[in-house]
file entry31.csv (CSV, C-alpha atoms)
chain,number,residue,atom,x,y,z
A,1,MET,CA,-67.5,37.4,67.4
A,2,ARG,CA,-70.5,39.3,66.2
A,3,ALA,CA,-70.3,42.9,65.1
A,4,VAL,CA,-73.0,45.2,66.5
A,5,GLY,CA,-73.9,48.3,64.6
A,6,ALA,CA,-75.7,51.2,66.0
A,7,VAL,CA,-77.1,54.3,64.4
A,8,VAL,CA,-77.1,57.4,66.5
A,9,VAL,CA,-79.3,60.3,65.5
A,10,LEU,CA,-78.7,63.6,67.1
A,11,ALA,CA,-81.4,66.2,67.0
A,12,VAL,CA,-80.2,69.7,67.7
A,13,LEU,CA,-82.8,72.3,68.5
A,14,CYS,CA,-81.9,75.8,69.2
A,15,VAL,CA,-84.1,77.1,72.0
A,16,CYS,CA,-84.1,80.4,70.3
A,17,ASP,CA,-86.2,78.9,67.5
A,18,ALA,CA,-89.1,78.9,69.9
A,19,VAL,CA,-88.8,82.7,70.6
A,20,ARG,CA,-91.6,84.8,69.1
A,21,PHE,CA,-91.4,88.5,69.9
A,22,GLY,CA,-94.4,90.2,71.2
A,23,GLN,CA,-95.3,93.9,70.9
A,24,LEU,CA,-92.1,96.0,71.0
A,25,CYS,CA,-93.5,99.5,71.0
A,26,SER,CA,-96.7,101.2,72.3
A,27,GLY,CA,-98.8,102.2,69.4
A,28,ASN,CA,-97.6,99.4,67.2
A,29,PRO,CA,-99.2,96.1,68.5
A,30,ALA,CA,-98.5,94.3,65.1
A,31,ASN,CA,-94.8,95.2,65.1
A,32,ASN,CA,-95.1,96.9,61.8
A,33,ARG,CA,-91.8,97.3,60.1
A,34,ARG,CA,-90.2,100.5,58.7
A,35,THR,CA,-90.5,100.2,54.9
A,36,SER,CA,-89.0,102.9,52.7
A,37,ASP,CA,-88.6,106.6,53.4
A,38,SER,CA,-86.2,109.4,52.3
A,39,TRP,CA,-83.5,107.9,54.6
A,40,GLY,CA,-83.7,104.4,53.2
A,41,GLN,CA,-85.3,101.1,54.0
A,42,GLY,CA,-85.6,99.3,57.3
A,43,HIS,CA,-85.4,95.6,56.3
A,44,TYR,CA,-82.5,93.4,57.2
A,45,GLY,CA,-79.8,93.6,54.5
A,46,ALA,CA,-80.9,97.0,53.1
A,47,ARG,CA,-78.1,99.0,51.5
A,48,ARG,CA,-76.7,101.9,53.6
A,49,GLY,CA,-74.2,103.4,51.1
A,50,THR,CA,-71.2,101.2,51.4
A,51,ARG,CA,-72.5,99.0,54.2
A,52,VAL,CA,-75.5,96.7,54.8
A,53,HIS,CA,-78.2,97.2,57.4
A,54,ALA,CA,-77.6,94.5,60.0
A,55,GLY,CA,-80.9,94.8,61.8
A,56,LEU,CA,-84.7,95.2,61.4
A,57,ASP,CA,-86.5,98.5,62.1
A,58,ILE,CA,-89.8,98.3,64.0
A,59,VAL,CA,-91.9,101.4,63.8
A,60,CYS,CA,-92.0,103.4,67.0
A,61,SER,CA,-93.1,107.0,67.7
A,62,ASP,CA,-90.6,109.3,69.4
A,63,GLY,CA,-91.3,109.2,73.1
A,64,ALA,CA,-93.3,106.0,73.0
A,65,ALA,CA,-92.9,103.2,75.6
A,66,VAL,CA,-90.7,100.3,74.5
A,67,TYR,CA,-91.6,96.8,75.9
A,68,ALA,CA,-89.7,93.6,76.4
A,69,PRO,CA,-90.5,91.5,73.3
A,70,CYS,CA,-90.1,88.3,75.3
A,71,ASP,CA,-88.9,87.4,78.8
A,72,VAL,CA,-85.4,88.9,78.8
A,73,THR,CA,-82.3,89.6,80.9
A,74,LEU,CA,-81.1,93.1,80.6
A,75,GLY,CA,-77.4,93.2,79.7
A,76,GLY,CA,-76.5,96.9,80.0
A,77,ARG,CA,-76.7,100.1,78.1
A,78,LEU,CA,-75.1,100.4,74.7
A,79,THR,CA,-73.8,103.3,72.7
A,80,VAL,CA,-75.1,103.4,69.2
A,81,TYR,CA,-72.9,106.1,67.6
A,82,THR,CA,-69.5,107.7,68.1
A,83,ASP,CA,-70.8,110.9,66.3
A,84,ALA,CA,-71.6,113.6,68.8
A,85,SER,CA,-74.2,115.1,66.4
A,86,LYS,CA,-76.4,112.0,67.1
A,87,ALA,CA,-76.2,112.3,70.9
A,88,ALA,CA,-80.0,112.7,71.1
A,89,ILE,CA,-80.5,109.0,70.0
A,90,ASN,CA,-77.2,107.6,71.1
A,91,SER,CA,-78.5,104.9,73.4
A,92,GLY,CA,-79.8,101.4,73.5
A,93,ILE,CA,-79.8,98.2,75.5
A,94,ASN,CA,-78.4,94.7,75.3
A,95,LEU,CA,-80.7,91.8,75.9
A,96,ARG,CA,-80.6,88.0,76.3
A,97,ALA,CA,-83.5,85.6,76.0
A,98,GLU,CA,-83.6,81.8,75.7
A,99,GLY,CA,-80.2,81.5,74.1
A,100,LEU,CA,-80.7,84.6,71.9
A,101,CYS,CA,-78.6,87.7,72.2
A,102,PHE,CA,-79.9,90.9,70.7
A,103,LYS,CA,-79.8,94.7,70.9
A,104,LEU,CA,-82.3,97.5,70.7
A,105,PHE,CA,-81.1,100.8,69.4
A,106,TYR,CA,-82.6,104.3,70.0
A,107,VAL,CA,-84.1,103.3,73.3
A,108,ASN,CA,-83.4,105.1,76.6
A,109,PRO,CA,-83.7,102.2,79.1
A,110,ASP,CA,-85.5,102.5,82.3
A,111,ARG,CA,-82.9,100.2,83.9
A,112,THR,CA,-80.0,98.2,82.6
A,113,SER,CA,-79.8,95.0,84.6
A,114,GLY,CA,-82.1,92.3,86.0
A,115,SER,CA,-84.9,90.3,84.4
A,116,VAL,CA,-88.0,91.6,82.7
A,117,ARG,CA,-91.1,89.7,81.6
A,118,LYS,CA,-92.6,89.9,78.1
A,119,GLY,CA,-94.7,93.0,77.6
A,120,GLU,CA,-93.2,95.0,80.6
A,121,ARG,CA,-91.9,98.4,79.8
A,122,ILE,CA,-88.1,98.6,79.4
A,123,GLY,CA,-87.6,102.1,78.2
A,124,THR,CA,-88.6,105.0,76.0
A,125,MET,CA,-88.1,105.6,72.3
A,126,MET,CA,-85.6,108.4,71.8
A,127,PRO,CA,-86.3,111.5,69.6
A,128,MET,CA,-85.2,110.2,66.2
A,129,GLN,CA,-86.8,113.1,64.4
A,130,SER,CA,-84.4,115.5,66.0
A,131,VAL,CA,-81.5,113.7,64.2
A,132,TYR,CA,-83.2,112.4,61.1
A,133,PRO,CA,-86.1,114.7,60.2
A,134,GLY,CA,-88.7,112.9,58.1
A,135,ILE,CA,-87.5,109.3,58.8
A,136,THR,CA,-90.0,106.8,60.0
A,137,SER,CA,-89.1,106.7,63.7
A,138,HIS,CA,-88.2,103.1,64.8
A,139,VAL,CA,-86.4,100.8,67.2
A,140,HIS,CA,-83.6,99.0,65.4
A,141,VAL,CA,-83.4,95.3,66.5
A,142,GLN,CA,-80.0,93.7,65.9
A,143,LEU,CA,-78.9,90.2,66.8
A,144,CYS,CA,-75.4,90.1,68.4
A,145,ASP,CA,-74.1,87.9,65.6
A,146,LYS,CA,-75.6,90.3,63.1
A,147,SER,CA,-77.8,87.6,61.5
A,148,ASP,CA,-81.3,88.3,60.3
A,149,PRO,CA,-83.8,88.9,63.2
A,150,THR,CA,-86.9,88.9,61.0
A,151,GLN,CA,-87.9,85.4,61.9
A,152,TYR,CA,-88.6,86.5,65.5
A,153,PHE,CA,-91.4,88.9,64.5
call {"tool": "encode", "arguments": {"input": "entry31.csv", "output": "structure tokens"}}
result
Amino acid sequence: MRAVGAVVVLAVLCVCDAVRFGQLCSGNPANNRRTSDSWGQGHYGARRGTRVHAGLDIVCSDGAAVYAPCDVTLGGRLTVYTDASKAAINSGINLRAEGLCFKLFYVNPDRTSGSVRKGERIGTMMPMQSVYPGITSHVHVQLCDKSDPTQYF
């Protein structure tokens, strides 16, 4: 009897690796990131007192249009804070795209279900200056698993 050996190679490719986000906010075609201001820094992993910033902040002016950064399925509105003093910016939206689950904070969504194509308007940037005067207004992008979203920009 002859032994037959076989080598099996499995290649696993996450479809989300192919996702590259387009323009997120009107007035910021390059998706410039919030750097440092009197309220802190906007990069993933920045210190927030005793916690760590679990997202990436993309500069967006209060009242600006917010766009789908890729073809997405809208997954409902989300509540950002439990603190009533932050009610003016206490909204966001859940999104799914090509195996990727993420959230946008400080966005008042135009609608909360269905599919939207890359570059279509999905909402409006909320008035961040009314809650955090002097901060660089921004949309906070956070992956559902809280891993680093920087690679998608």
call {"tool": "closest_residue", "arguments": {"input": "entry31.csv", "among": "A:Arg47, A:Gly76, A:Val141, A:Pro133", "to": "A:Asp110", "atoms": "only C-alpha atoms"}}
result
A:Gly76
call {"tool": "residues_near_point", "arguments": {"input": "entry31.csv", "point": "(-91.5, 88.6, 73.6)", "cutoff": "12 Å", "atoms": "all atoms listed in the file", "output": "PyMOL selection string"}}
result
chain A and resi 16+18-25+29+31+66-73+95-98+100+116-121+152-153
call {"tool": "closest_residue", "arguments": {"input": "entry31.csv", "among": "A:Gly45, A:Gly55, A:Gly134, A:Gly75", "to": "A:Cys101", "atoms": "only C-alpha atoms"}}
result
A:Gly75
call {"tool": "axis_aligned_box", "arguments": {"input": "entry31.csv", "around": "stretch 28-45 of chain A", "padding_each_side": "4 Å", "output": "JSON"}}
result
{"center_x": -89.5, "center_y": 101.4, "center_z": 60.4, "size_x": 27.4, "size_y": 24.0, "size_z": 24.2}
call {"tool": "atom_distance", "arguments": {"input": "entry31.csv", "atom1": "atom CA of A:Ser36", "atom2": "atom CA of A:Leu143"}}
result
21.5 Å
call {"tool": "closest_residue", "arguments": {"input": "entry31.csv", "among": "A:Ala64, A:Val107, A:Leu56, A:Leu74", "to": "A:Ala88", "atoms": "all atoms listed in the file"}}
result
A:Val107
call {"tool": "closest_residue", "arguments": {"input": "entry31.csv", "among": "A:Cys60, A:Cys144, A:Asn90, A:His138", "to": "A:His43", "atoms": "only C-alpha atoms"}}
result
A:His138
